[in-house]
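Engineer: Below you will find the structure I want to go over with you.
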Amino acid sequence: MKKFKPVLPVFRKNKIKVFNMALKTGQFIFQIGELDSLRKRSLDIPITKITSKEYRQKFEYIKNCLKKYRKITGVGRGITAVQIGIPERFSVVYQPAIKADKSSSYTPEQYFIIINPKIKKFSRKKLIYPEMCMSANPIIAPTIRPAWIEFSYYNDLGNLKYWTTKDESDLGRILNRVFQHEIDHMNGIINIDKVKSSDLILESDPKYYTTAKFKEV
Ligand SMILES: [Zn+2]
């Protein structure tokens, strides 16, 4: 008689790590189903209030949340205010340090705030890429989005800015994608809403993200 051997998932150790991280970040990031505002349009910030003490403190708090998230997980590109319980239209986005090829310029890592963004243009070209959302951790959603967008926004000094970077490097593509992901949050939309449920993945393979590639659709 053949002896029965149970079949177990392959990446068991990594799953413990992934779920432990989700447990820690879930202490300050609201998860789907925990907060009604996550599914609603967040409110515009009055421009005259951007430089007030109240908002300075809110911007500081959201930056610290992203730093904390990155410290726990080693990843994470952006947080929108509603995810930390503030249903207002602002986000923080992380940009890693950029080393120029000819050793001429170097941009250190940055955490920048975007306020009341308004999308002005979308590219016709669309890309699919596996995204995760801090509010639906640890689901991976292979999400289709325009390759780039153009949008206006205010920075945390109250200055009107315009994002238009059609950079086709991986970093350029990721930033264009992160902005779309965060602006969706301001409208109550989460990446998993854009993906068929049968295409969703629960993170377990430790190589999944490091081997992820953009594909044109
Ligand atoms: Zn998200």
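We name chains A, B, ... following the order of the structure tokens; residues begin at 1 in each chain, and ligands are numbered from 1 as shown.
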Where does chain A meet ligand 1 within 8 Å, residue by residue, with the nearest atom pair and distance in Å to one decimal for each, counting only C-alpha atoms and all ligand atoms, listed by chain and rising number, as CSV?
Structural biologist:
```
residue,atom,partner,partner_atom_place_in_ligand_line,distance
A:Gly78,CA,ligand 1,1 (Zn),7.5
A:Ile79,CA,ligand 1,1 (Zn),6.7
A:Thr80,CA,ligand 1,1 (Zn),7.4
A:Gln83,CA,ligand 1,1 (Zn),7.8
A:Met132,CA,ligand 1,1 (Zn),6.9
A:Cys133,CA,ligand 1,1 (Zn),3.7
A:Met134,CA,ligand 1,1 (Zn),5.2
A:Ser135,CA,ligand 1,1 (Zn),5.8
A:Ala136,CA,ligand 1,1 (Zn),7.4
A:His181,CA,ligand 1,1 (Zn),6.2
A:Glu182,CA,ligand 1,1 (Zn),6.3
A:His185,CA,ligand 1,1 (Zn),6.5
A:Ile190,CA,ligand 1,1 (Zn),6.2
A:Asn191,CA,ligand 1,1 (Zn),6.8
```
Engineer: So which residues of stretch 26-164 of chain A fall under helix (DSSP H, G or I) by DSSP, listed as a ChimeraX atom specification?
Structural biologist: /A:36-39,47-49,53-73,81-84
Engineer: Pick out the closest residue to A:Gly172 from this set: A:Pro46, A:Gly76, A:Pro96, A:Gly158. Count only C-alpha atoms.
Structural biologist: A:Pro96
Engineer: Please report the interatomic distance between atom CA of A:Ser42 and atom CA of A:Gln27 in Å with one decimal.
Structural biologist: 21.6 Å
Engineer: Can you list, as a list in words, every protein, DNA or RNA residue that comes within 6 Å of A:Ala141 when you count only C-alpha atoms, leaving out same-chain residues fewer than 3 positions away?
Structural biologist: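 What passes the distance filter is Pro130, Glu131, Ile192 and Leu200 of chain A.
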Engineer: Can you tell me which residues surround A:Met21 at a distance of at most 10 Å, considering only C-alpha atoms, apart from same-chain residues fewer than 5 positions away, and format the answer as a ChimeraX atom specification?
Structural biologist: /A:15-16,26,69,72-73,137-138
Engineer: Go ahead and dump the residues you just picked, C-alpha atoms, as a tab-separated table (two decimals), in the first residue's frame.
Structural biologist:
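Saved the output as result.tsv:
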```
chain	number	residue	atom	x	y	z
A	15	LYS	CA	4.54	33.29	3.89
A	16	ILE	CA	5.25	33.61	7.61
A	26	GLY	CA	-1.85	46.82	9.47
A	69	TYR	CA	6.31	50.94	6.23
A	72	ILE	CA	9.29	47.06	8.12
A	73	THR	CA	8.97	45.67	4.58
A	137	ASN	CA	-1.95	43.27	1.99
A	138	PRO	CA	-0.58	40.79	0.82
```
Engineer: Would you pick out the contacts of A:Ile115 at 7 Å or less, using only C-alpha atoms, so that residues sharing its chain but fewer than 2 positions from it are not included, and give the list as an mmCIF file with N, CA and C atoms, in the first residue's frame?
Structural biologist:
```
data_model
loop_
_atom_site.group_PDB
_atom_site.id
_atom_site.type_symbol
_atom_site.label_atom_id
_atom_site.label_comp_id
_atom_site.auth_asym_id
_atom_site.auth_seq_id
_atom_site.Cartn_x
_atom_site.Cartn_y
_atom_site.Cartn_z
ATOM 1 N N ARG A 89 -7.526 64.800 0.028
ATOM 2 C CA ARG A 89 -6.822 64.462 -1.219
ATOM 3 C C ARG A 89 -5.334 64.822 -1.170
ATOM 4 N N PHE A 90 -4.555 64.015 -0.472
ATOM 5 C CA PHE A 90 -3.102 64.133 -0.560
ATOM 6 C C PHE A 90 -2.439 62.769 -0.366
ATOM 7 N N SER A 91 -1.238 62.656 -0.951
ATOM 8 C CA SER A 91 -0.472 61.406 -0.881
ATOM 9 C C SER A 91 0.986 61.743 -0.670
ATOM 10 N N ILE A 113 5.104 65.123 -1.400
ATOM 11 C CA ILE A 113 3.663 65.198 -1.136
ATOM 12 C C ILE A 113 2.978 65.755 -2.384
ATOM 13 N N PRO A 117 -4.467 66.505 -6.736
ATOM 14 C CA PRO A 117 -4.035 66.294 -8.124
ATOM 15 C C PRO A 117 -5.219 66.263 -9.095
ATOM 16 N N TYR A 153 -0.832 69.403 -9.598
ATOM 17 C CA TYR A 153 -1.011 69.178 -8.163
ATOM 18 C C TYR A 153 -0.363 70.336 -7.404
ATOM 19 N N TYR A 154 -0.633 70.409 -6.126
ATOM 20 C CA TYR A 154 0.073 71.364 -5.265
ATOM 21 C C TYR A 154 1.090 70.590 -4.449
ATOM 22 N N ASN A 155 2.250 71.210 -4.223
ATOM 23 C CA ASN A 155 3.201 70.571 -3.312
ATOM 24 C C ASN A 155 2.950 71.086 -1.888
#
```
Engineer: Choose the residue, out of A:Asp156, A:Pro9, A:Asn64, A:Asn116, that has the smallest atom-to-atom separation from A:Thr51; count only C-alpha atoms.
Structural biologist: A:Asp156
Engineer: If you run DSSP on the backbone here, which positions in stretch 62-122 of chain A get strand (DSSP E or B)? Please write them as a list in words.
Structural biologist: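 Checking each residue of stretch 62-122 of chain A, the strand (DSSP E or B) ones are Gly78, Ile79, Thr80, Glu88, Phe90, Ser91, Val92, Val93, Tyr94, Gln95, Ile98, Lys99, Tyr106, Thr107, Gln110, Tyr111, Phe112, Ile113, Ile114, Ile115, Asn116, Pro117, Lys118, Ile119, Lys120, Lys121 and Phe122 of chain A.
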Engineer: Write the selection just made, keeping N, CA and C atoms, as a PDB file, in the first residue's frame?
Structural biologist:
```
ATOM      1  N   GLY A  78       4.105  54.440  -2.026  1.00  0.00           N
ATOM      2  CA  GLY A  78       3.212  55.578  -1.790  1.00  0.00           C
ATOM      3  C   GLY A  78       2.105  55.243  -0.814  1.00  0.00           C
ATOM      4  N   ILE A  79       1.650  56.275  -0.114  1.00  0.00           N
ATOM      5  CA  ILE A  79       0.478  56.141   0.765  1.00  0.00           C
ATOM      6  C   ILE A  79      -0.424  57.339   0.492  1.00  0.00           C
ATOM      7  N   THR A  80      -1.720  57.085   0.453  1.00  0.00           N
ATOM      8  CA  THR A  80      -2.674  58.182   0.326  1.00  0.00           C
ATOM      9  C   THR A  80      -3.369  58.369   1.670  1.00  0.00           C
ATOM     10  N   GLU A  88      -8.731  62.980   2.929  1.00  0.00           N
ATOM     11  CA  GLU A  88      -8.442  64.217   2.210  1.00  0.00           C
ATOM     12  C   GLU A  88      -7.490  63.912   1.061  1.00  0.00           C
ATOM     13  N   PHE A  90      -4.555  64.015  -0.472  1.00  0.00           N
ATOM     14  CA  PHE A  90      -3.102  64.133  -0.560  1.00  0.00           C
ATOM     15  C   PHE A  90      -2.439  62.769  -0.366  1.00  0.00           C
ATOM     16  N   SER A  91      -1.238  62.656  -0.951  1.00  0.00           N
ATOM     17  CA  SER A  91      -0.472  61.406  -0.881  1.00  0.00           C
ATOM     18  C   SER A  91       0.986  61.743  -0.670  1.00  0.00           C
ATOM     19  N   VAL A  92       1.725  60.731  -0.223  1.00  0.00           N
ATOM     20  CA  VAL A  92       3.181  60.844  -0.214  1.00  0.00           C
ATOM     21  C   VAL A  92       3.711  59.763  -1.156  1.00  0.00           C
ATOM     22  N   VAL A  93       4.727  60.128  -1.937  1.00  0.00           N
ATOM     23  CA  VAL A  93       5.328  59.170  -2.876  1.00  0.00           C
ATOM     24  C   VAL A  93       6.840  59.155  -2.659  1.00  0.00           C
ATOM     25  N   TYR A  94       7.386  57.946  -2.649  1.00  0.00           N
ATOM     26  CA  TYR A  94       8.822  57.765  -2.435  1.00  0.00           C
ATOM     27  C   TYR A  94       9.538  57.641  -3.770  1.00  0.00           C
ATOM     28  N   GLN A  95      10.602  58.423  -3.913  1.00  0.00           N
ATOM     29  CA  GLN A  95      11.446  58.301  -5.104  1.00  0.00           C
ATOM     30  C   GLN A  95      12.848  57.930  -4.645  1.00  0.00           C
ATOM     31  N   ILE A  98      18.657  58.802  -7.323  1.00  0.00           N
ATOM     32  CA  ILE A  98      18.946  58.591  -8.746  1.00  0.00           C
ATOM     33  C   ILE A  98      20.396  58.969  -9.014  1.00  0.00           C
ATOM     34  N   LYS A  99      21.146  57.984  -9.508  1.00  0.00           N
ATOM     35  CA  LYS A  99      22.538  58.249  -9.869  1.00  0.00           C
ATOM     36  C   LYS A  99      22.600  58.497 -11.365  1.00  0.00           C
ATOM     37  N   TYR A 106      23.338  63.853  -8.959  1.00  0.00           N
ATOM     38  CA  TYR A 106      22.852  62.804  -8.076  1.00  0.00           C
ATOM     39  C   TYR A 106      21.666  63.376  -7.323  1.00  0.00           C
ATOM     40  N   THR A 107      20.531  62.705  -7.422  1.00  0.00           N
ATOM     41  CA  THR A 107      19.357  63.154  -6.671  1.00  0.00           C
ATOM     42  C   THR A 107      19.153  62.199  -5.503  1.00  0.00           C
ATOM     43  N   GLN A 110      13.756  60.858  -2.075  1.00  0.00           N
ATOM     44  CA  GLN A 110      12.813  61.910  -1.714  1.00  0.00           C
ATOM     45  C   GLN A 110      11.463  61.326  -1.328  1.00  0.00           C
ATOM     46  N   TYR A 111      10.820  61.991  -0.397  1.00  0.00           N
ATOM     47  CA  TYR A 111       9.430  61.667  -0.075  1.00  0.00           C
ATOM     48  C   TYR A 111       8.637  62.901  -0.447  1.00  0.00           C
ATOM     49  N   PHE A 112       7.909  62.861  -1.573  1.00  0.00           N
ATOM     50  CA  PHE A 112       7.183  64.096  -1.862  1.00  0.00           C
ATOM     51  C   PHE A 112       5.677  63.971  -1.765  1.00  0.00           C
ATOM     52  N   ILE A 113       5.104  65.123  -1.400  1.00  0.00           N
ATOM     53  CA  ILE A 113       3.663  65.198  -1.136  1.00  0.00           C
ATOM     54  C   ILE A 113       2.978  65.755  -2.384  1.00  0.00           C
ATOM     55  N   ILE A 114       1.897  65.113  -2.795  1.00  0.00           N
ATOM     56  CA  ILE A 114       1.063  65.705  -3.851  1.00  0.00           C
ATOM     57  C   ILE A 114      -0.320  65.987  -3.264  1.00  0.00           C
ATOM     58  N   ILE A 115      -0.847  67.164  -3.596  1.00  0.00           N
ATOM     59  CA  ILE A 115      -2.114  67.622  -3.016  1.00  0.00           C
ATOM     60  C   ILE A 115      -3.096  67.985  -4.136  1.00  0.00           C
ATOM     61  N   ASN A 116      -4.361  67.609  -3.970  1.00  0.00           N
ATOM     62  CA  ASN A 116      -5.428  67.910  -4.945  1.00  0.00           C
ATOM     63  C   ASN A 116      -5.005  67.676  -6.400  1.00  0.00           C
ATOM     64  N   PRO A 117      -4.467  66.505  -6.736  1.00  0.00           N
ATOM     65  CA  PRO A 117      -4.035  66.294  -8.124  1.00  0.00           C
ATOM     66  C   PRO A 117      -5.219  66.263  -9.095  1.00  0.00           C
ATOM     67  N   LYS A 118      -4.947  66.760 -10.313  1.00  0.00           N
ATOM     68  CA  LYS A 118      -5.970  66.702 -11.376  1.00  0.00           C
ATOM     69  C   LYS A 118      -5.319  66.121 -12.618  1.00  0.00           C
ATOM     70  N   ILE A 119      -5.792  64.956 -13.040  1.00  0.00           N
ATOM     71  CA  ILE A 119      -5.214  64.301 -14.221  1.00  0.00           C
ATOM     72  C   ILE A 119      -5.659  65.046 -15.482  1.00  0.00           C
ATOM     73  N   LYS A 120      -4.657  65.365 -16.341  1.00  0.00           N
ATOM     74  CA  LYS A 120      -4.951  66.124 -17.562  1.00  0.00           C
ATOM     75  C   LYS A 120      -4.842  65.261 -18.813  1.00  0.00           C
ATOM     76  N   LYS A 121      -3.990  64.241 -18.769  1.00  0.00           N
ATOM     77  CA  LYS A 121      -3.757  63.409 -19.958  1.00  0.00           C
ATOM     78  C   LYS A 121      -3.383  61.990 -19.556  1.00  0.00           C
ATOM     79  N   PHE A 122      -3.789  61.032 -20.375  1.00  0.00           N
ATOM     80  CA  PHE A 122      -3.386  59.626 -20.223  1.00  0.00           C
ATOM     81  C   PHE A 122      -2.684  59.192 -21.502  1.00  0.00           C
TER      82      PHE A 122
END
```
Engineer: Compare A:Ile201, A:Val195, A:Ile144, A:Ile45 by their minimum atom-to-atom distance to A:Val217, counting only C-alpha atoms, and give me the closest one.
Structural biologist: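 Selected residue with least distance to A:Val217: A:Ile144.
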Engineer: Please indicate the distance in Å from atom CA of A:Phe179 to atom CA of A:Ile128, rounded to one decimal place.
Structural biologist: 15.1 Å
